[in-house]
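Below is the file final-v7.csv, which contains CSV, C-alpha atoms.
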```
chain,number,residue,atom,x,y,z
S,624,MET,CA,0.0,0.0,0.0
S,625,SER,CA,2.7,2.5,0.9
S,626,GLU,CA,4.4,2.1,-2.4
S,627,GLU,CA,1.3,3.0,-4.3
S,628,LEU,CA,0.7,6.0,-2.0
S,629,ALA,CA,4.3,7.1,-2.5
S,630,ALA,CA,3.9,6.9,-6.2
S,631,LEU,CA,1.0,9.4,-6.0
S,632,GLU,CA,3.1,12.0,-4.3
S,633,ALA,CA,4.1,13.8,-7.5
S,634,GLU,CA,0.5,13.8,-8.9
S,635,ALA,CA,-0.9,15.2,-5.6
S,636,VAL,CA,1.7,18.0,-5.5
S,637,ALA,CA,1.0,18.8,-9.2
S,638,VAL,CA,-2.7,19.0,-8.6
S,639,ASP,CA,-2.3,21.3,-5.6
S,640,ALA,CA,0.0,23.6,-7.6
S,641,VAL,CA,-2.6,24.0,-10.3
S,642,ASN,CA,-5.5,24.4,-7.8
S,643,ALA,CA,-3.7,26.8,-5.4
S,644,PRO,CA,-5.8,29.9,-4.8
S,645,PRO,CA,-4.4,33.1,-6.2
S,646,VAL,CA,-2.2,35.1,-3.9
S,647,ASP,CA,-4.2,37.5,-1.8
S,648,PRO,CA,-3.8,41.1,-2.6
S,649,GLN,CA,-1.7,43.2,-0.2
S,650,PRO,CA,-3.6,43.7,3.0
S,651,GLU,CA,-5.2,47.1,3.4
S,652,ALA,CA,-3.0,48.0,6.2
S,653,GLU,CA,0.1,47.7,4.0
S,654,GLN,CA,-1.4,49.8,1.2
S,655,PRO,CA,0.2,53.2,0.6
S,656,PRO,CA,-1.5,55.9,2.6
S,657,ALA,CA,-4.1,58.1,1.1
S,658,PRO,CA,-2.8,60.8,-1.2
S,659,ALA,CA,-4.2,63.6,1.0
S,660,ASN,CA,-2.1,62.4,3.9
S,661,GLU,CA,0.9,61.9,1.7
S,662,GLN,CA,0.5,65.5,0.4
S,663,ALA,CA,0.4,66.9,3.9
S,664,GLU,CA,3.5,65.0,4.9
S,665,VAL,CA,5.4,66.2,1.8
S,666,ALA,CA,4.3,69.8,2.6
S,667,GLY,CA,5.5,69.4,6.2
S,668,LEU,CA,8.8,68.1,5.0
S,669,ILE,CA,9.4,71.0,2.7
S,670,THR,CA,8.4,73.5,5.4
S,671,ILE,CA,10.9,71.9,7.8
S,672,LEU,CA,13.7,72.0,5.2
S,673,ALA,CA,13.0,75.6,4.3
S,674,GLY,CA,12.9,76.6,8.0
S,675,LEU,CA,16.3,75.0,8.6
S,676,PHE,CA,18.0,77.3,6.1
S,677,ALA,CA,16.0,80.4,6.8
S,678,PRO,CA,18.5,81.8,9.4
S,679,VAL,CA,21.1,82.1,6.6
S,680,PHE,CA,18.8,82.7,3.7
S,681,PRO,CA,15.9,84.8,5.1
S,682,SER,CA,14.4,85.1,1.6
S,683,LEU,CA,13.4,81.4,1.7
S,684,GLN,CA,10.6,82.3,4.1
S,685,LYS,CA,9.2,84.7,1.5
S,686,ILE,CA,9.6,82.1,-1.3
S,687,TYR,CA,8.3,79.0,0.5
S,688,THR,CA,4.9,80.3,1.6
S,689,PRO,CA,2.2,77.8,2.7
S,690,ASP,CA,0.5,78.0,-0.7
S,691,THR,CA,3.7,77.4,-2.6
S,692,VAL,CA,4.6,74.5,-0.4
S,693,ASN,CA,1.2,72.9,-0.9
S,694,GLN,CA,1.4,73.3,-4.7
S,695,ILE,CA,4.8,71.6,-4.7
S,696,ALA,CA,3.5,68.8,-2.5
S,697,ALA,CA,0.4,68.2,-4.6
S,698,ALA,CA,2.6,67.9,-7.7
S,699,ALA,CA,5.1,65.7,-6.0
S,700,VAL,CA,2.6,63.1,-4.8
S,701,PRO,CA,1.8,61.6,-8.2
S,702,VAL,CA,5.5,61.3,-9.0
S,703,MET,CA,6.2,59.6,-5.7
S,704,ALA,CA,3.3,57.2,-6.3
S,705,LYS,CA,4.7,56.4,-9.8
S,706,ARG,CA,8.2,55.8,-8.4
S,707,GLY,CA,6.9,53.8,-5.4
S,708,TRP,CA,8.2,56.4,-2.9
S,709,THR,CA,6.4,57.3,0.3
S,710,THR,CA,7.2,59.9,3.0
S,711,GLY,CA,6.4,57.2,5.5
S,712,ALA,CA,9.2,55.0,4.2
S,713,LEU,CA,11.5,57.9,3.7
S,714,LEU,CA,11.0,59.2,7.2
S,715,GLY,CA,11.0,55.8,8.7
S,716,LYS,CA,14.3,54.9,7.0
S,717,TYR,CA,16.1,58.1,7.7
S,718,ALA,CA,14.4,59.2,10.9
S,719,GLU,CA,17.6,59.4,12.9
S,720,GLU,CA,19.5,61.3,10.2
S,721,LEU,CA,16.7,63.8,9.9
S,722,ALA,CA,16.5,64.4,13.6
S,723,LEU,CA,20.2,65.0,13.7
S,724,ALA,CA,19.9,67.4,10.7
S,725,ALA,CA,17.1,69.3,12.4
S,726,VAL,CA,19.4,70.1,15.4
S,727,ALA,CA,22.8,70.3,13.7
S,728,VAL,CA,22.0,72.3,10.5
S,729,PRO,CA,20.9,75.5,12.3
S,730,VAL,CA,23.9,75.3,14.6
S,731,ALA,CA,26.2,74.7,11.7
S,732,LEU,CA,24.8,77.6,9.7
S,733,ALA,CA,25.0,79.9,12.7
S,734,THR,CA,28.6,78.7,13.2
S,735,TRP,CA,29.4,79.5,9.6
S,736,GLN,CA,27.8,82.9,9.9
S,737,GLY,CA,29.7,83.6,13.1
S,738,ILE,CA,33.1,82.5,11.6
S,739,LYS,CA,32.4,84.5,8.4
S,740,ALA,CA,31.7,87.6,10.5
S,741,ASP,CA,34.8,87.1,12.5
S,742,ILE,CA,36.9,86.7,9.3
S,743,ASP,CA,35.3,89.8,7.7
S,744,ALA,CA,36.0,91.8,10.9
S,745,ALA,CA,39.6,90.7,10.9
S,746,LYS,CA,40.0,91.6,7.2
S,747,ALA,CA,38.5,95.0,7.8
S,748,LYS,CA,40.9,95.6,10.7
S,749,ASP,CA,43.9,94.5,8.6
S,750,LYS,CA,42.9,96.8,5.8
S,751,ALA,CA,42.5,99.8,8.1
S,752,GLU,CA,45.8,99.4,10.0
S,753,PRO,CA,48.4,99.8,7.1
S,754,ALA,CA,46.9,103.0,6.0
S,755,LYS,CA,47.1,104.4,9.4
S,756,ALA,CA,50.8,103.2,9.7
S,757,ILE,CA,51.7,105.2,6.6
S,758,THR,CA,50.1,108.4,7.5
S,759,GLU,CA,51.0,108.5,11.1
S,760,GLN,CA,54.6,107.1,11.1
S,761,PRO,CA,57.1,109.3,12.9
S,762,ALA,CA,59.9,111.2,11.0
S,763,THR,CA,63.2,109.5,10.7
S,764,PRO,CA,65.8,111.3,12.8
S,765,GLY,CA,68.3,113.5,10.8
S,766,VAL,CA,66.1,113.7,7.7
S,767,ALA,CA,64.7,117.1,6.9
S,768,VAL,CA,60.9,117.4,6.8
S,769,PRO,CA,59.7,119.5,3.8
S,770,ASP,CA,57.8,122.6,4.7
S,771,PRO,CA,54.4,122.5,3.0
S,772,ALA,CA,54.3,126.3,2.7
S,773,THR,CA,57.5,126.3,0.8
S,774,PHE,CA,56.2,123.7,-1.7
S,775,ALA,CA,53.1,125.8,-2.2
S,776,ALA,CA,55.1,129.0,-2.8
S,777,ARG,CA,57.1,127.2,-5.5
S,778,GLY,CA,54.0,126.4,-7.4
Y,139,MET,CA,-1.3,-2.9,-3.6
Y,140,VAL,CA,-2.8,-6.3,-2.9
Y,141,ALA,CA,-6.5,-6.8,-3.3
Y,142,GLN,CA,-8.2,-8.3,-0.3
Y,143,GLY,CA,-10.3,-10.5,-2.6
Y,144,ASN,CA,-13.1,-10.4,-5.0
Y,145,SER,CA,-15.1,-12.5,-2.6
Y,146,ARG,CA,-16.0,-9.3,-0.8
Y,147,GLN,CA,-19.5,-7.9,-1.2
Y,148,ALA,CA,-19.8,-4.9,-3.4
Y,149,HIS,CA,-20.8,-1.7,-1.6
Y,150,PHE,CA,-21.6,1.0,-4.1
Y,151,VAL,CA,-24.5,3.1,-2.9
Y,152,ALA,CA,-26.0,6.0,-4.9
Y,153,ILE,CA,-28.2,8.5,-3.1
Y,154,ILE,CA,-30.0,10.6,-5.7
Y,155,GLY,CA,-32.5,13.4,-5.5
Y,156,ALA,CA,-33.2,17.1,-5.7
Y,157,THR,CA,-31.9,19.4,-2.9
Y,158,GLY,CA,-33.9,19.1,0.3
Y,159,CYS,CA,-35.3,15.6,-0.5
Y,160,GLY,CA,-33.4,13.9,2.4
Y,161,LYS,CA,-30.2,12.7,0.8
Y,162,THR,CA,-28.0,13.7,3.7
Y,163,THR,CA,-30.3,12.1,6.2
Y,164,GLU,CA,-30.2,8.9,4.2
Y,165,LEU,CA,-26.5,9.0,4.0
Y,166,LYS,CA,-25.9,9.6,7.7
Y,167,LYS,CA,-28.3,6.8,8.5
Y,168,ARG,CA,-26.2,4.4,6.4
Y,169,LEU,CA,-22.9,5.8,7.6
Y,170,ASN,CA,-24.1,5.2,11.2
Y,171,ALA,CA,-25.1,1.6,10.4
Y,172,LYS,CA,-21.5,0.5,11.1
Y,173,ARG,CA,-18.3,1.7,12.7
Y,174,ARG,CA,-16.2,3.5,10.1
Y,175,ALA,CA,-12.6,4.1,11.2
Y,176,ARG,CA,-11.3,5.3,7.9
Y,177,THR,CA,-13.3,7.8,5.7
Y,178,LEU,CA,-12.4,10.0,2.8
Y,179,ILE,CA,-15.2,12.6,2.0
Y,180,TRP,CA,-15.4,14.7,-1.1
Y,181,SER,CA,-17.4,17.7,0.1
Y,182,PRO,CA,-18.0,20.6,-2.4
Y,183,LYS,CA,-20.6,22.3,-0.2
Y,184,GLU,CA,-18.6,21.8,3.1
Y,185,SER,CA,-19.7,25.2,4.4
Y,186,LEU,CA,-23.3,23.9,4.3
Y,187,ASP,CA,-22.8,20.1,4.9
Y,188,ASN,CA,-20.1,20.4,7.6
Y,189,TYR,CA,-18.9,16.8,7.3
Y,190,SER,CA,-15.8,17.7,9.2
Y,191,ALA,CA,-17.9,17.9,12.3
Y,192,TYR,CA,-19.4,14.5,11.7
Y,193,TYR,CA,-16.4,12.4,12.7
Y,194,PRO,CA,-14.4,13.5,15.8
Y,195,GLY,CA,-10.9,14.5,14.8
Y,196,ALA,CA,-11.7,14.8,11.1
Y,197,ILE,CA,-9.3,16.9,9.1
Y,198,SER,CA,-10.7,19.3,6.5
Y,199,THR,CA,-8.4,20.3,3.7
Y,200,ARG,CA,-8.2,21.7,0.2
Y,201,SER,CA,-4.9,20.0,-0.5
Y,202,VAL,CA,-4.7,16.6,-2.2
Y,203,ALA,CA,-1.1,16.3,-0.9
Y,204,GLU,CA,-2.3,16.7,2.6
Y,205,VAL,CA,-4.9,14.0,2.1
Y,206,LEU,CA,-2.1,11.7,0.9
Y,207,GLN,CA,0.1,12.6,3.9
Y,208,VAL,CA,-2.7,11.9,6.4
Y,209,VAL,CA,-3.4,8.5,4.8
Y,210,LYS,CA,0.2,7.6,4.6
Y,211,ALA,CA,0.8,8.5,8.2
Y,212,ALA,CA,-2.2,6.5,9.3
Y,213,GLY,CA,-0.9,3.3,7.8
Y,214,LYS,CA,-3.5,0.7,8.7
Y,215,GLY,CA,-4.9,2.9,11.4
Y,216,GLY,CA,-7.9,5.2,11.3
Y,217,PHE,CA,-8.4,8.7,9.7
Y,218,HIS,CA,-11.2,10.9,8.7
Y,219,VAL,CA,-10.4,13.4,6.0
Y,220,VAL,CA,-12.8,15.9,4.3
Y,221,PHE,CA,-11.6,17.3,1.0
Y,222,VAL,CA,-13.1,20.6,-0.1
Y,223,PRO,CA,-12.7,21.1,-3.9
Y,224,THR,CA,-12.5,24.4,-5.7
Y,225,LEU,CA,-15.8,24.2,-7.6
Y,226,ASN,CA,-13.9,24.7,-10.9
Y,227,GLN,CA,-14.9,21.6,-12.8
Y,228,LYS,CA,-11.6,21.1,-14.7
Y,229,LYS,CA,-9.5,21.5,-11.6
Y,230,ASP,CA,-11.8,19.4,-9.5
Y,231,MET,CA,-11.8,16.5,-12.0
Y,232,ALA,CA,-8.0,16.5,-11.8
Y,233,ALA,CA,-8.0,16.6,-8.0
Y,234,PHE,CA,-10.8,13.9,-7.9
Y,235,ASP,CA,-8.7,11.6,-10.0
Y,236,VAL,CA,-5.8,11.7,-7.5
Y,237,PHE,CA,-8.2,11.6,-4.5
Y,238,CYS,CA,-9.7,8.4,-5.8
Y,239,LYS,CA,-6.3,6.9,-6.5
Y,240,ILE,CA,-5.3,7.6,-2.9
Y,241,ALA,CA,-8.5,5.9,-1.7
Y,242,LEU,CA,-7.8,2.8,-3.8
Y,243,ALA,CA,-4.2,2.7,-2.7
Y,244,ALA,CA,-5.1,3.0,0.9
Y,245,GLY,CA,-8.0,0.5,0.7
Y,246,ASN,CA,-10.3,-0.6,3.5
Y,247,LEU,CA,-12.1,2.7,3.8
Y,248,THR,CA,-15.4,4.5,3.2
Y,249,LEU,CA,-15.4,6.9,0.3
Y,250,VAL,CA,-18.2,9.5,0.2
Y,251,VAL,CA,-18.6,11.7,-2.9
Y,252,GLU,CA,-21.0,14.6,-2.6
Y,253,GLU,CA,-22.3,16.2,-5.9
Y,254,LEU,CA,-20.8,13.4,-8.0
Y,255,HIS,CA,-22.1,15.0,-11.2
Y,256,SER,CA,-19.6,17.9,-10.6
Y,257,VAL,CA,-16.7,15.6,-11.3
Y,258,THR,CA,-18.1,13.1,-13.7
Y,259,GLN,CA,-20.1,13.1,-17.0
Y,260,ALA,CA,-22.4,10.5,-18.3
Y,261,SER,CA,-19.8,9.0,-20.6
Y,262,ASN,CA,-16.6,10.3,-18.9
Y,263,ALA,CA,-15.0,10.1,-15.6
Y,264,PRO,CA,-11.5,10.5,-14.1
Y,265,ASP,CA,-9.3,7.4,-14.2
Y,266,GLY,CA,-9.1,7.2,-10.5
Y,267,TRP,CA,-12.9,7.1,-10.2
Y,268,ARG,CA,-13.2,4.5,-12.9
Y,269,LYS,CA,-10.7,2.3,-11.1
Y,270,ILE,CA,-12.7,2.7,-7.9
Y,271,ASN,CA,-15.7,1.4,-9.8
Y,272,PHE,CA,-14.2,-1.7,-11.2
Y,273,MET,CA,-11.6,-2.5,-8.6
Y,274,GLY,CA,-12.8,-0.8,-5.4
Y,275,ARG,CA,-14.7,-3.8,-4.1
Y,276,GLY,CA,-11.6,-6.0,-4.0
Y,277,PHE,CA,-9.8,-3.4,-2.0
Y,278,GLY,CA,-12.5,-2.9,0.6
Y,279,VAL,CA,-13.6,0.5,-0.6
Y,280,HIS,CA,-17.2,1.3,0.4
Y,281,VAL,CA,-18.6,4.0,-1.9
Y,282,PHE,CA,-21.4,6.5,-1.4
Y,283,GLY,CA,-22.1,8.7,-4.3
Y,284,LEU,CA,-24.6,11.6,-3.9
Y,285,SER,CA,-26.0,13.7,-6.7
Y,286,GLN,CA,-28.9,15.9,-7.8
Y,287,ARG,CA,-28.2,15.3,-11.4
Y,288,PRO,CA,-28.0,11.5,-12.1
Y,289,ALA,CA,-28.1,12.1,-15.9
Y,290,SER,CA,-24.7,13.7,-15.5
Y,291,CYS,CA,-23.2,10.9,-13.4
Y,292,ASP,CA,-21.0,8.4,-15.1
Y,293,LYS,CA,-22.4,5.1,-16.4
Y,294,ALA,CA,-19.5,3.2,-14.8
Y,295,PHE,CA,-20.8,4.1,-11.4
Y,296,MET,CA,-24.4,3.5,-12.2
Y,297,GLY,CA,-23.4,0.1,-13.6
Y,298,SER,CA,-21.6,-0.8,-10.4
Y,299,LEU,CA,-24.3,0.0,-7.9
Y,300,SER,CA,-25.2,-2.4,-5.1
Y,301,PHE,CA,-27.9,-0.1,-3.7
Y,302,LEU,CA,-29.8,2.9,-5.0
Y,303,HIS,CA,-31.9,5.5,-3.1
Y,304,VAL,CA,-33.8,8.1,-5.1
Y,305,GLY,CA,-35.9,10.9,-3.9
Y,306,ARG,CA,-37.9,13.4,-5.9
Y,307,LEU,CA,-36.3,14.6,-9.1
Y,308,PRO,CA,-37.9,17.5,-11.1
Y,309,HIS,CA,-35.8,17.2,-14.3
Y,310,PRO,CA,-37.3,14.6,-16.8
Y,311,PRO,CA,-33.9,13.5,-18.2
Y,312,ASP,CA,-32.8,12.7,-14.6
Y,313,GLN,CA,-36.0,10.9,-13.9
Y,314,LYS,CA,-35.5,8.8,-17.1
Y,315,ALA,CA,-31.8,8.0,-16.2
Y,316,ILE,CA,-32.8,6.7,-12.8
Y,317,ALA,CA,-35.9,4.9,-14.0
Y,318,ASP,CA,-33.8,3.0,-16.5
Y,319,VAL,CA,-31.3,2.0,-13.8
Y,320,ILE,CA,-34.0,0.8,-11.5
Y,321,GLY,CA,-36.2,-0.7,-14.2
Y,322,ILE,CA,-39.4,1.2,-13.5
Y,323,ASP,CA,-41.5,3.7,-15.4
Y,324,ARG,CA,-40.2,7.3,-15.5
Y,325,ALA,CA,-43.5,8.6,-14.2
Y,326,GLU,CA,-43.0,6.8,-10.9
Y,327,ILE,CA,-39.9,8.9,-10.3
Y,328,GLY,CA,-41.7,12.0,-11.5
Y,329,ASN,CA,-44.5,11.5,-9.1
Y,330,LEU,CA,-42.2,11.5,-6.0
Y,331,THR,CA,-42.9,14.4,-3.6
Y,332,GLY,CA,-41.5,15.6,-0.3
Y,333,TYR,CA,-39.4,12.9,1.3
Y,334,GLN,CA,-40.8,10.1,-0.7
Y,335,ALA,CA,-38.2,7.7,-2.1
Y,336,ILE,CA,-37.7,4.6,-4.1
Y,337,GLN,CA,-34.9,2.2,-3.2
Y,338,LYS,CA,-33.4,-0.7,-5.0
Y,339,ASP,CA,-31.1,-3.4,-3.6
Y,340,PHE,CA,-29.3,-4.7,-6.6
Y,341,GLN,CA,-28.0,-7.8,-4.6
Y,342,THR,CA,-31.6,-9.0,-4.2
Y,343,GLY,CA,-33.4,-7.0,-6.9
Y,344,LYS,CA,-35.9,-5.8,-4.3
Y,345,ILE,CA,-37.5,-2.5,-4.9
Y,346,THR,CA,-38.9,-0.5,-1.9
Y,347,ARG,CA,-41.2,2.5,-2.1
Y,348,LYS,CA,-40.9,4.8,1.0
Y,349,ALA,CA,-43.8,7.2,1.6
```

Show how you would write the structure in this file as structure tokens.
Amino acid sequence: MSEELAALEAEAVAVDAVNAPPVDPQPEAEQPPAPANEQAEVAGLITILAGLFAPVFPSLQKIYTPDTVNQIAAAAVPVMAKRGWTTGALLGKYAEELALAAVAVPVALATWQGIKADIDAAKAKDKAEPAKAITEQPATPGVAVPDPATFAARG
Amino acid sequence: MVAQGNSRQAHFVAIIGATGCGKTTELKKRLNAKRRARTLIWSPKESLDNYSAYYPGAISTRSVAEVLQVVKAAGKGGFHVVFVPTLNQKKDMAAFDVFCKIALAAGNLTLVVEELHSVTQASNAPDGWRKINFMGRGFGVHVFGLSQRPASCDKAFMGSLSFLHVGRLPHPPDQKAIADVIGIDRAEIGNLTGYQAIQKDFQTGKITRKA
């Protein structure tokens, strides 16, 4: 009996393979979020990025108004859907890096501004000091100093 | 596979009739008539018939490979397996073929086939089922075939019957098919109502009319 049953193994597996039900579609929970949510998340991300650089480039605040940000986000969502990108995946994958950037970028920009200001101040000081040295240097002992009135009389 | 012997009594029972005529009641009465330690049940309407609750410890599956594994693991021991087909005729006929071959290879079991007409045709049936019909008796396979459409059941089965139970049948071709098998007038089948039935024991030739 066991030999006959063993011989049926391949037939049984073949029948099951043909009769297997189709793979269930992706569960709803794993479906991409609704476009409206995606748009809001993209808009939020752009606002954060613009805010990071605003201390250095104040004009960004005038350019990236809420309306402009929403328009960019609305246009970006279909492209993201086409490419299979989601803000959820992006934020989930790079959450730590983004948290670091949110803290470090403003500090780095402020540092850069401070250093640049220090350098500019030093340069301005260096530029001013040689001119003063030329005009105010004392006369060399033993050398006659021309009389300005005499030069003027000679025409 | 060694046959237990052609001296065994044939046990091929057809239970025929329209839905609601008492087929399941008749089947369960006959299943209960003796202890059945090994059963394979083909159950297309399992969600309604619930055969898996009929025998304690029964396994319900949609996998023929699982049926095979259970039968192999049982060896000469007991098992109760309910197979639920896809209701796609082409796929189900392929599965039914292997299902029947497993039954024959295992031997000494009761095979119940619900809605037999869904996997056979009047002049065609899967090889496994045909083997059951002409060799099953020798391997101790007791067969119960149930159907609402006897005109679509294969002739091999109808020609192997040891017992037939028929309830009301509204469709004239079905009435004729069964009347011819029993050897009575078609109108007698057509006149059956409610739970009335006609039975024929082919061992003795006795015909019984149940009111």

With 10 Å as the limit and counting all atoms listed in the file, what residues in chain S lie close to chain Y? Please list them as a ChimeraX atom specification. /S:624-644

Top pick for closest residue to S:Ala724, considering S:Leu675, S:Glu752, S:Ala666, S:Ile695 and counting only C-alpha atoms: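 Looking only at the distances to S:Ala724, the closest residue turns out to be S:Leu675.
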
As a ChimeraX atom specification, please: the residues near Y:Pro288 (cut-off 12 Å, only C-alpha atoms, same-chain neighbours under 3 positions excluded). /Y:152-156,253-256,258-260,283-285,291-293,295-296,302-319

Preceding selection exported with C-alpha atoms as a JSON list (two decimals), keeping the file's coordinate frame:
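Written out: part-v8.json:
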```
[["chain", "number", "residue", "atom", "x", "y", "z"],
["Y", 152, "ALA", "CA", -26.00, 6.00, -4.90],
["Y", 153, "ILE", "CA", -28.20, 8.50, -3.10],
["Y", 154, "ILE", "CA", -30.00, 10.60, -5.70],
["Y", 155, "GLY", "CA", -32.50, 13.40, -5.50],
["Y", 156, "ALA", "CA", -33.20, 17.10, -5.70],
["Y", 253, "GLU", "CA", -22.30, 16.20, -5.90],
["Y", 254, "LEU", "CA", -20.80, 13.40, -8.00],
["Y", 255, "HIS", "CA", -22.10, 15.00, -11.20],
["Y", 256, "SER", "CA", -19.60, 17.90, -10.60],
["Y", 258, "THR", "CA", -18.10, 13.10, -13.70],
["Y", 259, "GLN", "CA", -20.10, 13.10, -17.00],
["Y", 260, "ALA", "CA", -22.40, 10.50, -18.30],
["Y", 283, "GLY", "CA", -22.10, 8.70, -4.30],
["Y", 284, "LEU", "CA", -24.60, 11.60, -3.90],
["Y", 285, "SER", "CA", -26.00, 13.70, -6.70],
["Y", 291, "CYS", "CA", -23.20, 10.90, -13.40],
["Y", 292, "ASP", "CA", -21.00, 8.40, -15.10],
["Y", 293, "LYS", "CA", -22.40, 5.10, -16.40],
["Y", 295, "PHE", "CA", -20.80, 4.10, -11.40],
["Y", 296, "MET", "CA", -24.40, 3.50, -12.20],
["Y", 302, "LEU", "CA", -29.80, 2.90, -5.00],
["Y", 303, "HIS", "CA", -31.90, 5.50, -3.10],
["Y", 304, "VAL", "CA", -33.80, 8.10, -5.10],
["Y", 305, "GLY", "CA", -35.90, 10.90, -3.90],
["Y", 306, "ARG", "CA", -37.90, 13.40, -5.90],
["Y", 307, "LEU", "CA", -36.30, 14.60, -9.10],
["Y", 308, "PRO", "CA", -37.90, 17.50, -11.10],
["Y", 309, "HIS", "CA", -35.80, 17.20, -14.30],
["Y", 310, "PRO", "CA", -37.30, 14.60, -16.80],
["Y", 311, "PRO", "CA", -33.90, 13.50, -18.20],
["Y", 312, "ASP", "CA", -32.80, 12.70, -14.60],
["Y", 313, "GLN", "CA", -36.00, 10.90, -13.90],
["Y", 314, "LYS", "CA", -35.50, 8.80, -17.10],
["Y", 315, "ALA", "CA", -31.80, 8.00, -16.20],
["Y", 316, "ILE", "CA", -32.80, 6.70, -12.80],
["Y", 317, "ALA", "CA", -35.90, 4.90, -14.00],
["Y", 318, "ASP", "CA", -33.80, 3.00, -16.50],
["Y", 319, "VAL", "CA", -31.30, 2.00, -13.80]]
```

Please indicate the distance in Å from atom CA of S:Val702 to atom CA of S:Gln662, rounded to one decimal place.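 Value for the atom CA of S:Val702-atom CA of S:Gln662 distance: 11.4 Å.
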
At most 7 Å from (-6.7, 13.3, 9.1), file frame, all atoms listed in the file: which residues, as a PyMOL selection string? chain Y and resi 196-197+208+217-219

Selected residues, C-alpha atoms, written as a PDB file, keeping the file's coordinate frame, please.
```pdb
ATOM      1  CA  ALA Y 196     -11.700  14.800  11.100  1.00  0.00           C
ATOM      2  CA  ILE Y 197      -9.300  16.900   9.100  1.00  0.00           C
ATOM      3  CA  VAL Y 208      -2.700  11.900   6.400  1.00  0.00           C
ATOM      4  CA  PHE Y 217      -8.400   8.700   9.700  1.00  0.00           C
ATOM      5  CA  HIS Y 218     -11.200  10.900   8.700  1.00  0.00           C
ATOM      6  CA  VAL Y 219     -10.400  13.400   6.000  1.00  0.00           C
TER       7      VAL Y 219
END
```

Please return as a list of chain:residue names every residue within 10 Å of (25.9, 82.7, 7.8), taking into account all atoms listed in the file and the file's own coordinates.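 Output of the proximity query reads S:Phe676, S:Pro678, S:Val679, S:Phe680, S:Pro729, S:Ala731, S:Leu732, S:Ala733, S:Thr734, S:Trp735, S:Gln736, S:Gly737, S:Ile738, S:Lys739, S:Ala740.
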
With C-alpha atoms retained, export the selected residues as a PDB file, keeping the file's coordinate frame.
```
ATOM      1  CA  PHE S 676      18.000  77.300   6.100  1.00  0.00           C
ATOM      2  CA  PRO S 678      18.500  81.800   9.400  1.00  0.00           C
ATOM      3  CA  VAL S 679      21.100  82.100   6.600  1.00  0.00           C
ATOM      4  CA  PHE S 680      18.800  82.700   3.700  1.00  0.00           C
ATOM      5  CA  PRO S 729      20.900  75.500  12.300  1.00  0.00           C
ATOM      6  CA  ALA S 731      26.200  74.700  11.700  1.00  0.00           C
ATOM      7  CA  LEU S 732      24.800  77.600   9.700  1.00  0.00           C
ATOM      8  CA  ALA S 733      25.000  79.900  12.700  1.00  0.00           C
ATOM      9  CA  THR S 734      28.600  78.700  13.200  1.00  0.00           C
ATOM     10  CA  TRP S 735      29.400  79.500   9.600  1.00  0.00           C
ATOM     11  CA  GLN S 736      27.800  82.900   9.900  1.00  0.00           C
ATOM     12  CA  GLY S 737      29.700  83.600  13.100  1.00  0.00           C
ATOM     13  CA  ILE S 738      33.100  82.500  11.600  1.00  0.00           C
ATOM     14  CA  LYS S 739      32.400  84.500   8.400  1.00  0.00           C
ATOM     15  CA  ALA S 740      31.700  87.600  10.500  1.00  0.00           C
TER      16      ALA S 740
END
```

State, in Å with one decimal place, the distance from atom CA of Y:Arg287 to atom CA of Y:Val251. 13.3 Å

Hey, what's within 9 Å of Y:Arg174 if we count only C-alpha atoms and toss same-chain stuff fewer than 6 positions away? As a ChimeraX atom specification, please? /Y:216,247-248

Please report the interatomic distance between atom CA of Y:Tyr189 and atom CA of Y:Val257 in Å with one decimal.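 These atoms are spaced 18.8 Å apart.
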